[in-house]
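Student: The structure file coords.cif (mmCIF, C-alpha atoms) is provided below.
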```cif
data_final
loop_
_atom_site.label_atom_id
_atom_site.label_comp_id
_atom_site.auth_asym_id
_atom_site.auth_seq_id
_atom_site.Cartn_x
_atom_site.Cartn_y
_atom_site.Cartn_z
CA ASP A 1 8.61 9.36 16.60
CA ALA A 2 7.33 11.14 13.53
CA GLY A 3 5.78 8.95 10.87
CA VAL A 4 6.03 9.51 7.13
CA THR A 5 5.33 13.17 6.34
CA GLN A 6 3.95 14.24 2.99
CA THR A 7 3.35 17.75 1.70
CA PRO A 8 1.20 19.24 0.45
CA ARG A 9 -1.93 17.33 1.49
CA HIS A 10 -3.85 18.72 -1.45
CA GLU A 11 -2.69 20.05 -4.81
CA VAL A 12 -4.69 21.49 -7.67
CA ALA A 13 -2.91 21.91 -10.99
CA GLU A 14 -3.78 23.03 -14.47
CA LYS A 15 -3.10 20.60 -17.30
CA GLY A 16 0.51 20.98 -18.46
CA GLN A 17 1.86 22.32 -15.18
CA THR A 18 4.77 20.87 -13.26
CA ILE A 19 4.10 19.80 -9.71
CA ILE A 20 6.45 18.51 -7.04
CA LEU A 21 5.30 16.36 -4.16
CA LYS A 22 7.46 15.95 -1.07
CA CYS A 23 8.05 13.14 1.39
CA GLU A 24 10.03 12.71 4.59
CA PRO A 25 10.36 9.03 5.58
CA VAL A 26 10.45 7.69 9.10
CA SER A 27 13.83 8.52 10.61
CA GLY A 28 16.24 5.62 10.13
CA HIS A 29 14.28 3.94 7.38
CA ASN A 30 16.31 3.02 4.30
CA ASP A 31 13.55 1.97 1.88
CA LEU A 32 11.25 4.59 0.36
CA PHE A 33 8.33 4.03 -1.99
CA TRP A 34 6.02 6.21 -4.04
CA TYR A 35 2.58 4.78 -4.85
CA ARG A 36 -0.36 6.13 -6.77
CA GLN A 37 -3.82 5.24 -5.43
CA THR A 38 -6.98 5.33 -7.53
CA LYS A 39 -10.33 3.60 -7.08
CA ILE A 40 -9.95 1.69 -10.33
CA GLN A 41 -6.31 0.57 -10.15
CA GLY A 42 -5.79 0.52 -6.40
CA LEU A 43 -2.17 0.98 -5.26
CA GLU A 44 0.41 1.18 -8.08
CA LEU A 45 4.14 1.42 -7.44
CA LEU A 46 5.76 4.45 -9.06
CA SER A 47 9.30 4.34 -7.62
CA TYR A 48 11.32 2.56 -5.00
CA PHE A 49 14.62 3.63 -3.38
CA ARG A 50 16.93 1.71 -1.11
CA SER A 51 19.56 3.74 0.72
CA LYS A 52 18.88 6.57 -1.76
CA SER A 53 19.54 4.38 -4.82
CA LEU A 54 16.72 3.93 -7.30
CA MET A 55 15.73 0.27 -7.27
CA GLU A 56 12.58 0.36 -9.31
CA ASP A 57 11.12 2.93 -11.62
CA GLY A 58 7.54 1.87 -12.51
CA GLY A 59 7.70 1.36 -16.25
CA ALA A 60 4.38 2.87 -17.28
CA PHE A 61 5.11 6.00 -15.32
CA LYS A 62 8.62 6.77 -16.55
CA ASP A 63 7.93 9.41 -19.14
CA ARG A 64 6.35 12.15 -17.01
CA PHE A 65 7.07 10.98 -13.49
CA LYS A 66 10.44 11.41 -11.84
CA ALA A 67 11.23 10.57 -8.24
CA GLU A 68 14.42 11.66 -6.55
CA MET A 69 15.94 11.04 -3.18
CA LEU A 70 18.33 13.86 -2.45
CA ASN A 71 19.23 12.58 0.99
CA SER A 72 18.12 9.81 3.30
CA SER A 73 15.44 11.98 4.88
CA PHE A 74 13.80 13.62 1.86
CA SER A 75 12.31 12.57 -1.45
CA THR A 76 10.40 14.33 -4.21
CA LEU A 77 8.08 13.16 -6.94
CA LYS A 78 7.87 15.45 -9.94
CA ILE A 79 5.08 15.15 -12.50
CA GLN A 80 5.81 17.07 -15.68
CA PRO A 81 3.63 17.91 -17.52
CA THR A 82 0.50 17.02 -15.58
CA GLU A 83 -2.54 15.54 -17.30
CA PRO A 84 -6.10 15.15 -15.97
CA LYS A 85 -5.59 11.37 -15.75
CA ASP A 86 -2.91 12.00 -13.11
CA SER A 87 -5.64 12.98 -10.64
CA ALA A 88 -5.17 10.56 -7.76
CA VAL A 89 -3.80 10.22 -4.24
CA TYR A 90 -0.02 9.89 -4.16
CA LEU A 91 1.26 7.94 -1.19
CA CYS A 92 4.80 7.83 0.10
CA ALA A 93 5.85 4.93 2.32
CA SER A 94 9.02 3.88 4.07
CA SER A 95 10.41 0.84 5.83
CA PHE A 96 13.63 -0.46 7.32
CA TRP A 97 15.36 -3.21 5.40
CA GLY A 98 17.91 -5.06 7.50
CA VAL A 99 19.17 -8.51 8.29
CA SER A 100 15.81 -9.68 9.57
CA PRO A 101 12.95 -9.31 7.09
CA SER A 102 10.53 -9.68 9.98
CA GLN A 103 11.39 -6.08 10.95
CA ASN A 104 10.48 -4.82 7.50
CA THR A 105 7.11 -3.15 8.06
CA LEU A 106 5.76 -0.57 5.63
CA TYR A 107 4.58 2.78 6.99
CA PHE A 108 2.51 5.06 4.78
CA GLY A 109 2.19 8.81 4.81
CA ALA A 110 -1.22 10.52 4.72
CA GLY A 111 -0.85 11.16 0.99
CA THR A 112 -1.21 14.08 -1.39
CA ARG A 113 -4.51 14.37 -3.21
CA LEU A 114 -3.79 15.75 -6.67
CA SER A 115 -6.47 17.19 -8.91
CA VAL A 116 -5.51 18.14 -12.46
CA LEU A 117 -8.00 20.36 -14.27
CA GLY B 1 5.92 -10.25 -11.56
CA GLU B 2 3.19 -10.95 -9.09
CA GLN B 3 -0.55 -10.48 -9.50
CA VAL B 4 -2.86 -10.31 -6.51
CA GLU B 5 -6.62 -10.63 -6.89
CA GLN B 6 -8.83 -9.44 -4.03
CA LEU B 7 -12.50 -10.14 -3.55
CA PRO B 8 -15.03 -8.85 -2.90
CA SER B 9 -14.57 -5.22 -3.85
CA ILE B 10 -17.44 -4.20 -1.55
CA LEU B 11 -18.62 -6.11 1.51
CA ARG B 12 -21.59 -5.22 3.68
CA VAL B 13 -22.12 -7.07 6.93
CA GLN B 14 -24.29 -6.62 9.99
CA GLU B 15 -22.63 -5.30 13.12
CA GLY B 16 -21.57 -8.20 15.31
CA SER B 17 -21.24 -10.69 12.48
CA SER B 18 -18.02 -11.84 10.78
CA ALA B 19 -16.46 -10.48 7.61
CA SER B 20 -14.15 -12.36 5.27
CA ILE B 21 -11.92 -11.02 2.50
CA ASN B 22 -10.09 -13.30 0.11
CA CYS B 23 -6.94 -12.84 -1.94
CA THR B 24 -5.16 -15.06 -4.43
CA TYR B 25 -1.65 -14.73 -5.81
CA GLU B 26 0.24 -16.21 -8.73
CA ASN B 27 3.88 -16.44 -7.70
CA SER B 28 4.48 -19.60 -5.69
CA ALA B 29 7.66 -17.97 -4.30
CA SER B 30 5.62 -15.32 -2.46
CA ASN B 31 6.30 -15.63 1.24
CA TYR B 32 5.02 -12.49 2.97
CA PHE B 33 1.35 -11.44 3.10
CA PRO B 34 0.39 -8.25 4.96
CA TRP B 35 -3.04 -6.68 5.33
CA TYR B 36 -3.60 -2.94 5.52
CA LYS B 37 -6.61 -0.97 6.75
CA GLN B 38 -7.31 2.49 5.37
CA GLU B 39 -9.94 4.70 6.97
CA PRO B 40 -11.41 7.61 4.98
CA GLY B 41 -8.85 10.38 4.51
CA GLU B 42 -6.20 8.40 6.36
CA ASN B 43 -3.08 6.49 5.38
CA PRO B 44 -3.11 2.70 5.07
CA LYS B 45 -1.93 1.02 8.26
CA LEU B 46 -0.64 -2.52 8.75
CA ILE B 47 -3.09 -4.52 10.84
CA ILE B 48 -1.79 -8.07 10.55
CA ASP B 49 0.63 -10.07 8.42
CA ILE B 50 1.57 -13.69 7.89
CA ARG B 51 4.66 -15.38 6.51
CA SER B 52 4.80 -18.59 4.55
CA ASN B 53 6.03 -20.63 7.50
CA MET B 54 2.58 -20.23 9.10
CA GLU B 55 -0.94 -21.26 8.09
CA ARG B 56 -2.86 -19.21 10.64
CA LYS B 57 -2.31 -16.10 12.69
CA GLN B 58 -4.67 -14.33 15.07
CA THR B 59 -4.58 -10.99 16.83
CA GLN B 60 -7.31 -8.84 18.43
CA GLY B 61 -10.33 -10.11 16.54
CA LEU B 62 -8.42 -10.62 13.27
CA ILE B 63 -7.58 -13.99 11.79
CA VAL B 64 -5.42 -14.55 8.73
CA LEU B 65 -5.30 -17.89 6.95
CA LEU B 66 -2.74 -18.90 4.34
CA ASP B 67 -3.17 -21.83 1.94
CA LYS B 68 0.09 -22.07 -0.01
CA LYS B 69 -1.09 -24.96 -2.12
CA ALA B 70 -4.06 -22.98 -3.39
CA LYS B 71 -2.05 -19.72 -3.37
CA ARG B 72 -4.80 -18.11 -1.35
CA PHE B 73 -4.90 -16.08 1.84
CA SER B 74 -7.77 -14.50 3.67
CA LEU B 75 -8.64 -12.03 6.42
CA HIS B 76 -11.45 -12.77 8.84
CA ILE B 77 -12.81 -10.11 11.17
CA THR B 78 -14.88 -11.54 13.99
CA ASP B 79 -17.61 -9.61 15.87
CA THR B 80 -17.45 -6.61 13.54
CA GLN B 81 -17.91 -3.11 14.97
CA PRO B 82 -18.61 0.26 13.29
CA GLY B 83 -14.92 1.11 13.61
CA ASP B 84 -14.10 -1.78 11.29
CA SER B 85 -15.69 0.10 8.39
CA ALA B 86 -12.77 0.93 6.09
CA MET B 87 -10.91 -0.07 2.95
CA TYR B 88 -8.80 -3.19 3.36
CA PHE B 89 -5.86 -4.13 1.12
CA CYS B 90 -4.05 -7.43 0.89
CA ALA B 91 -0.54 -7.67 -0.53
CA ALA B 92 2.13 -10.24 -1.32
CA SER B 93 5.89 -10.26 -1.79
CA ASN B 94 8.59 -12.87 -2.36
CA THR B 95 11.33 -11.22 -0.30
CA GLY B 96 9.97 -11.92 3.15
CA GLY B 97 9.44 -8.20 3.64
CA ALA B 98 7.68 -5.09 2.37
CA ASP B 99 10.13 -4.13 -0.39
CA ARG B 100 8.46 -5.89 -3.32
CA LEU B 101 4.80 -5.75 -2.38
CA THR B 102 2.06 -6.24 -4.95
CA PHE B 103 -1.29 -5.01 -3.65
CA GLY B 104 -4.81 -6.20 -4.27
CA LYS B 105 -7.29 -3.55 -5.40
CA GLY B 106 -8.96 -3.31 -2.04
CA THR B 107 -12.23 -4.23 -0.32
CA GLN B 108 -14.58 -1.57 1.00
CA LEU B 109 -16.03 -3.03 4.20
CA ILE B 110 -19.26 -1.46 5.40
CA ILE B 111 -20.59 -2.41 8.82
CA GLN B 112 -24.35 -1.95 8.98
CA PRO B 113 -26.06 -1.32 12.33
#
```
Show how you would write the structure in this file as structure tokens.

Tutor:
Amino acid sequence: DAGVTQTPRHEVAEKGQTIILKCEPVSGHNDLFWYRQTKIQGLELLSYFRSKSLMEDGGAFKDRFKAEMLNSSFSTLKIQPTEPKDSAVYLCASSFWGVSPSQNTLYFGAGTRLSVL
Amino acid sequence: GEQVEQLPSILRVQEGSSASINCTYENSASNYFPWYKQEPGENPKLIIDIRSNMERKQTQGLIVLLDKKAKRFSLHITDTQPGDSAMYFCAASNTGGADRLTFGKGTQLIIQP
């Protein structure tokens, strides 16, 4: 089974550009998360979807960050316009939420390392 | 919301000795506590988790302890090996699953020969 797939692995952007990161969750998973990882803040939740519906839209990130889930097997995170402080690793993760929470394990993708100049 | 504090941020131990990482949480309703290991350039991977109906769980050289009264949980790695060098994250949620996880800021574990 394929895990969570993220593309691209690396992205370099100029300040003010628009970038789009992509994520394919594990097949059959109905929860999808976008996290930002930095050394100082650790893992911060950006967005969370359940069955394609937006459940949580990280407050501090609302103005320039927009995540979408166009279908159950594909999600994008758009950052517009980019700023140097957006330089970080962006991780997508998915899990299956069902009757038994004990099955609800989070699987992460390899991440996209974004550098904004 | 939940806040999770993780200490230490960096931990150096001699190969073969034990390593311990501690996390505290604020929400007494939290009931699921996973631990993730992230090797350089890799994605975080679940290594062990514990739910609030347990106080101790052990698997393959890893021990997790949960003290609900103190709102504290910890990861203990016994007989550390070079392959244990990595970043470790603790997390907590109050849903019994991974949908409302709050993460600690991570511990960089360095195993010294």

Student: Please determine the contact residues of chain B with respect to chain A at a cut-off of 8 Å, counting all atoms listed in the file, and supply them as a VMD selection string.

Tutor: chain B and resid 41 to 46 95 to 99 103 to 106

Student: Point out the residue among A:Lys62, A:Lys22, A:Lys15, A:Arg9 with the least atom-to-atom distance to A:Glu83, counting all atoms listed in the file.

Tutor: A:Lys15

Student: Just the number, please: distance in Å from atom CA of A:Ser115 to atom CA of B:Glu5, one decimal.

Tutor: 27.9 Å

Student: Closest to A:Leu114 among A:Ser51, A:Thr5, A:Thr76, A:Ser87, using all atoms listed in the file?

Tutor: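 Among the listed residues, A:Ser87 lies closest to A:Leu114.
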
Student: Could you list the residues chosen by the PyMOL selection byres ((chain B and resi 9) around 7) in this structure as a PyMOL selection string?

Tutor: chain B and resi 7-8+10-11+106-108

Student: Keeping only C-alpha atoms, write those residues as a compact mmCIF listing (two decimals), in the frame of the given file.

Tutor:
```txt
# COMPACT_ATOMS: atom_id res chain seq x y z
CA LEU B 7 -12.50 -10.14 -3.55
CA PRO B 8 -15.03 -8.85 -2.90
CA ILE B 10 -17.44 -4.20 -1.55
CA LEU B 11 -18.62 -6.11 1.51
CA GLY B 106 -8.96 -3.31 -2.04
CA THR B 107 -12.23 -4.23 -0.32
CA GLN B 108 -14.58 -1.57 1.00
```

Student: Would you pick out the contacts of B:Ser30 at 12 Å or less, using all atoms listed in the file, so that residues sharing its chain but fewer than 6 positions from it are not included, and give the list as a VMD selection string?

Tutor: chain B and resid 1 to 4 24 50 to 53 66 to 69 71 to 73 91 to 98 100 to 102

Student: I'd like the contact shell of B:Gln58 - 10 Å cut-off, only C-alpha atoms, skipping same-chain residues fewer than 4 positions apart - returned as an MDAnalysis selection string.

Tutor: chainID B and resid 48:50 62:65 75:77

Student: Go through the shown structure with the PyMOL selection byres ((chain B and resi 82) around 8) and write out the matching residues as an MDAnalysis selection string.

Tutor: chainID B and resid 15 80:81 83:85 111:113

Student: Emit the selected residues as a JSON list (two decimals), in the coordinates of the input, including C-alpha atoms.

Tutor:
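The result, written out as again09.json:
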```json
[["chain", "number", "residue", "atom", "x", "y", "z"],
["B", 15, "GLU", "CA", -22.63, -5.30, 13.12],
["B", 80, "THR", "CA", -17.45, -6.61, 13.54],
["B", 81, "GLN", "CA", -17.91, -3.11, 14.97],
["B", 83, "GLY", "CA", -14.92, 1.11, 13.61],
["B", 84, "ASP", "CA", -14.10, -1.78, 11.29],
["B", 85, "SER", "CA", -15.69, 0.10, 8.39],
["B", 111, "ILE", "CA", -20.59, -2.41, 8.82],
["B", 112, "GLN", "CA", -24.35, -1.95, 8.98],
["B", 113, "PRO", "CA", -26.06, -1.32, 12.33]]
```

Student: So what do you get for atom CA of A:Ile20 versus atom CA of A:Ser53, distance-wise?

Tutor: 19.4 Å

Student: The centre and edge lengths of an axis-aligned box containing all atoms of stretch 49-59 of chain B present in the file, extended by 5 Å on each side, are to be given in Å to one decimal, as JSON.

Tutor:
```
{"center_x": 0.7, "center_y": -15.7, "center_z": 10.7, "size_x": 20.7, "size_y": 21.2, "size_z": 22.3}
```

Student: Please write the residues picked by the PyMOL selection byres ((chain A and resi 21) around 9) on this file as a list of chain:residue names.

Tutor: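 Output from the PyMOL selection byres ((chain A and resi 21) around 9), applied to this file: A:Gln6, A:Thr7, A:Pro8, A:Glu11, A:Ile19, A:Ile20, A:Lys22, A:Cys23, A:Ser75, A:Thr76, A:Leu77, A:Lys78, A:Ile79, A:Tyr90, A:Thr112.
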
Student: Suppose we keep C-alpha atoms; can you now write the selection as a PDB file, in the coordinates of the input?

Tutor:
```pdb
ATOM      1  CA  GLN A   6       3.950  14.240   2.990  1.00  0.00           C
ATOM      2  CA  THR A   7       3.350  17.750   1.700  1.00  0.00           C
ATOM      3  CA  PRO A   8       1.200  19.240   0.450  1.00  0.00           C
ATOM      4  CA  GLU A  11      -2.690  20.050  -4.810  1.00  0.00           C
ATOM      5  CA  ILE A  19       4.100  19.800  -9.710  1.00  0.00           C
ATOM      6  CA  ILE A  20       6.450  18.510  -7.040  1.00  0.00           C
ATOM      7  CA  LYS A  22       7.460  15.950  -1.070  1.00  0.00           C
ATOM      8  CA  CYS A  23       8.050  13.140   1.390  1.00  0.00           C
ATOM      9  CA  SER A  75      12.310  12.570  -1.450  1.00  0.00           C
ATOM     10  CA  THR A  76      10.400  14.330  -4.210  1.00  0.00           C
ATOM     11  CA  LEU A  77       8.080  13.160  -6.940  1.00  0.00           C
ATOM     12  CA  LYS A  78       7.870  15.450  -9.940  1.00  0.00           C
ATOM     13  CA  ILE A  79       5.080  15.150 -12.500  1.00  0.00           C
ATOM     14  CA  TYR A  90      -0.020   9.890  -4.160  1.00  0.00           C
ATOM     15  CA  THR A 112      -1.210  14.080  -1.390  1.00  0.00           C
TER      16      THR A 112
END
```

Student: Would you work out the distance separating atom CA of A:Phe74 from atom CA of A:Ala88, expressed in Å to one decimal?

Tutor: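 Answer for the atom CA of A:Phe74 to atom CA of A:Ala88 separation: 21.5 Å.
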
Student: Please rebuild stretch 10-35 of chain B with N, CA, C and O atoms and return the result as a PDB file, in the frame of the given file.

Tutor:
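File written: part-v9.pdb
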```pdb
ATOM      1  N   ILE B  10     -16.608  -4.836  -2.579  1.00  0.00           N
ATOM      2  CA  ILE B  10     -17.440  -4.200  -1.550  1.00  0.00           C
ATOM      3  C   ILE B  10     -18.067  -5.303  -0.711  1.00  0.00           C
ATOM      4  O   ILE B  10     -18.537  -6.306  -1.256  1.00  0.00           O
ATOM      5  N   LEU B  11     -18.074  -5.105   0.604  1.00  0.00           N
ATOM      6  CA  LEU B  11     -18.620  -6.110   1.510  1.00  0.00           C
ATOM      7  C   LEU B  11     -19.437  -5.409   2.577  1.00  0.00           C
ATOM      8  O   LEU B  11     -18.925  -4.554   3.288  1.00  0.00           O
ATOM      9  N   ARG B  12     -20.711  -5.777   2.644  1.00  0.00           N
ATOM     10  CA  ARG B  12     -21.590  -5.220   3.680  1.00  0.00           C
ATOM     11  C   ARG B  12     -21.965  -6.332   4.641  1.00  0.00           C
ATOM     12  O   ARG B  12     -22.431  -7.396   4.218  1.00  0.00           O
ATOM     13  N   VAL B  13     -21.741  -6.083   5.918  1.00  0.00           N
ATOM     14  CA  VAL B  13     -22.120  -7.070   6.930  1.00  0.00           C
ATOM     15  C   VAL B  13     -22.804  -6.372   8.092  1.00  0.00           C
ATOM     16  O   VAL B  13     -22.599  -5.174   8.327  1.00  0.00           O
ATOM     17  N   GLN B  14     -23.612  -7.143   8.820  1.00  0.00           N
ATOM     18  CA  GLN B  14     -24.290  -6.620   9.990  1.00  0.00           C
ATOM     19  C   GLN B  14     -23.312  -6.520  11.155  1.00  0.00           C
ATOM     20  O   GLN B  14     -22.449  -7.402  11.337  1.00  0.00           O
ATOM     21  N   GLU B  15     -23.459  -5.466  11.925  1.00  0.00           N
ATOM     22  CA  GLU B  15     -22.630  -5.300  13.120  1.00  0.00           C
ATOM     23  C   GLU B  15     -22.747  -6.542  14.002  1.00  0.00           C
ATOM     24  O   GLU B  15     -23.843  -7.066  14.223  1.00  0.00           O
ATOM     25  N   GLY B  16     -21.590  -7.026  14.450  1.00  0.00           N
ATOM     26  CA  GLY B  16     -21.570  -8.200  15.310  1.00  0.00           C
ATOM     27  C   GLY B  16     -21.306  -9.493  14.568  1.00  0.00           C
ATOM     28  O   GLY B  16     -20.919 -10.500  15.174  1.00  0.00           O
ATOM     29  N   SER B  17     -21.500  -9.473  13.247  1.00  0.00           N
ATOM     30  CA  SER B  17     -21.240 -10.690  12.480  1.00  0.00           C
ATOM     31  C   SER B  17     -19.782 -10.678  11.992  1.00  0.00           C
ATOM     32  O   SER B  17     -19.025  -9.757  12.294  1.00  0.00           O
ATOM     33  N   SER B  18     -19.399 -11.729  11.273  1.00  0.00           N
ATOM     34  CA  SER B  18     -18.020 -11.840  10.780  1.00  0.00           C
ATOM     35  C   SER B  18     -17.924 -11.357   9.345  1.00  0.00           C
ATOM     36  O   SER B  18     -18.903 -11.385   8.595  1.00  0.00           O
ATOM     37  N   ALA B  19     -16.733 -10.907   8.988  1.00  0.00           N
ATOM     38  CA  ALA B  19     -16.460 -10.480   7.610  1.00  0.00           C
ATOM     39  C   ALA B  19     -15.229 -11.208   7.109  1.00  0.00           C
ATOM     40  O   ALA B  19     -14.257 -11.371   7.869  1.00  0.00           O
ATOM     41  N   SER B  20     -15.284 -11.635   5.853  1.00  0.00           N
ATOM     42  CA  SER B  20     -14.150 -12.360   5.270  1.00  0.00           C
ATOM     43  C   SER B  20     -13.761 -11.755   3.930  1.00  0.00           C
ATOM     44  O   SER B  20     -14.624 -11.476   3.091  1.00  0.00           O
ATOM     45  N   ILE B  21     -12.466 -11.556   3.751  1.00  0.00           N
ATOM     46  CA  ILE B  21     -11.920 -11.020   2.500  1.00  0.00           C
ATOM     47  C   ILE B  21     -10.884 -12.010   1.986  1.00  0.00           C
ATOM     48  O   ILE B  21     -10.065 -12.513   2.763  1.00  0.00           O
ATOM     49  N   ASN B  22     -10.951 -12.277   0.691  1.00  0.00           N
ATOM     50  CA  ASN B  22     -10.090 -13.300   0.110  1.00  0.00           C
ATOM     51  C   ASN B  22      -9.148 -12.733  -0.941  1.00  0.00           C
ATOM     52  O   ASN B  22      -9.544 -11.873  -1.736  1.00  0.00           O
ATOM     53  N   CYS B  23      -7.931 -13.246  -0.946  1.00  0.00           N
ATOM     54  CA  CYS B  23      -6.940 -12.840  -1.940  1.00  0.00           C
ATOM     55  C   CYS B  23      -6.249 -14.071  -2.508  1.00  0.00           C
ATOM     56  O   CYS B  23      -6.018 -15.042  -1.780  1.00  0.00           O
ATOM     57  N   THR B  24      -5.953 -14.014  -3.793  1.00  0.00           N
ATOM     58  CA  THR B  24      -5.160 -15.060  -4.430  1.00  0.00           C
ATOM     59  C   THR B  24      -3.942 -14.440  -5.080  1.00  0.00           C
ATOM     60  O   THR B  24      -3.965 -13.260  -5.454  1.00  0.00           O
ATOM     61  N   TYR B  25      -2.877 -15.221  -5.191  1.00  0.00           N
ATOM     62  CA  TYR B  25      -1.650 -14.730  -5.810  1.00  0.00           C
ATOM     63  C   TYR B  25      -1.154 -15.753  -6.806  1.00  0.00           C
ATOM     64  O   TYR B  25      -1.580 -16.905  -6.809  1.00  0.00           O
ATOM     65  N   GLU B  26      -0.221 -15.327  -7.655  1.00  0.00           N
ATOM     66  CA  GLU B  26       0.240 -16.210  -8.730  1.00  0.00           C
ATOM     67  C   GLU B  26       1.628 -16.794  -8.498  1.00  0.00           C
ATOM     68  O   GLU B  26       1.908 -17.915  -8.933  1.00  0.00           O
ATOM     69  N   ASN B  27       2.488 -16.028  -7.849  1.00  0.00           N
ATOM     70  CA  ASN B  27       3.880 -16.440  -7.700  1.00  0.00           C
ATOM     71  C   ASN B  27       4.042 -17.374  -6.503  1.00  0.00           C
ATOM     72  O   ASN B  27       3.895 -16.951  -5.350  1.00  0.00           O
ATOM     73  N   SER B  28       4.362 -18.624  -6.773  1.00  0.00           N
ATOM     74  CA  SER B  28       4.480 -19.600  -5.690  1.00  0.00           C
ATOM     75  C   SER B  28       5.648 -19.281  -4.748  1.00  0.00           C
ATOM     76  O   SER B  28       5.744 -19.830  -3.657  1.00  0.00           O
ATOM     77  N   ALA B  29       6.541 -18.369  -5.160  1.00  0.00           N
ATOM     78  CA  ALA B  29       7.660 -17.970  -4.300  1.00  0.00           C
ATOM     79  C   ALA B  29       7.262 -16.878  -3.301  1.00  0.00           C
ATOM     80  O   ALA B  29       8.063 -16.524  -2.428  1.00  0.00           O
ATOM     81  N   SER B  30       6.060 -16.344  -3.416  1.00  0.00           N
ATOM     82  CA  SER B  30       5.620 -15.320  -2.460  1.00  0.00           C
ATOM     83  C   SER B  30       5.617 -15.881  -1.060  1.00  0.00           C
ATOM     84  O   SER B  30       5.167 -17.017  -0.829  1.00  0.00           O
ATOM     85  N   ASN B  31       6.127 -15.096  -0.113  1.00  0.00           N
ATOM     86  CA  ASN B  31       6.300 -15.630   1.240  1.00  0.00           C
ATOM     87  C   ASN B  31       5.919 -14.639   2.345  1.00  0.00           C
ATOM     88  O   ASN B  31       6.092 -14.935   3.530  1.00  0.00           O
ATOM     89  N   TYR B  32       5.418 -13.475   1.965  1.00  0.00           N
ATOM     90  CA  TYR B  32       5.020 -12.490   2.970  1.00  0.00           C
ATOM     91  C   TYR B  32       3.706 -11.862   2.536  1.00  0.00           C
ATOM     92  O   TYR B  32       3.591 -11.390   1.395  1.00  0.00           O
ATOM     93  N   PHE B  33       2.709 -11.856   3.459  1.00  0.00           N
ATOM     94  CA  PHE B  33       1.350 -11.440   3.100  1.00  0.00           C
ATOM     95  C   PHE B  33       0.789 -10.514   4.178  1.00  0.00           C
ATOM     96  O   PHE B  33       0.214 -10.960   5.166  1.00  0.00           O
ATOM     97  N   PRO B  34       0.932  -9.204   3.985  1.00  0.00           N
ATOM     98  CA  PRO B  34       0.390  -8.250   4.960  1.00  0.00           C
ATOM     99  C   PRO B  34      -1.014  -7.788   4.559  1.00  0.00           C
ATOM    100  O   PRO B  34      -1.399  -7.855   3.385  1.00  0.00           O
ATOM    101  N   TRP B  35      -1.731  -7.288   5.543  1.00  0.00           N
ATOM    102  CA  TRP B  35      -3.040  -6.680   5.330  1.00  0.00           C
ATOM    103  C   TRP B  35      -3.006  -5.261   5.890  1.00  0.00           C
ATOM    104  O   TRP B  35      -2.510  -5.038   6.998  1.00  0.00           O
TER     105      TRP B  35
END
```
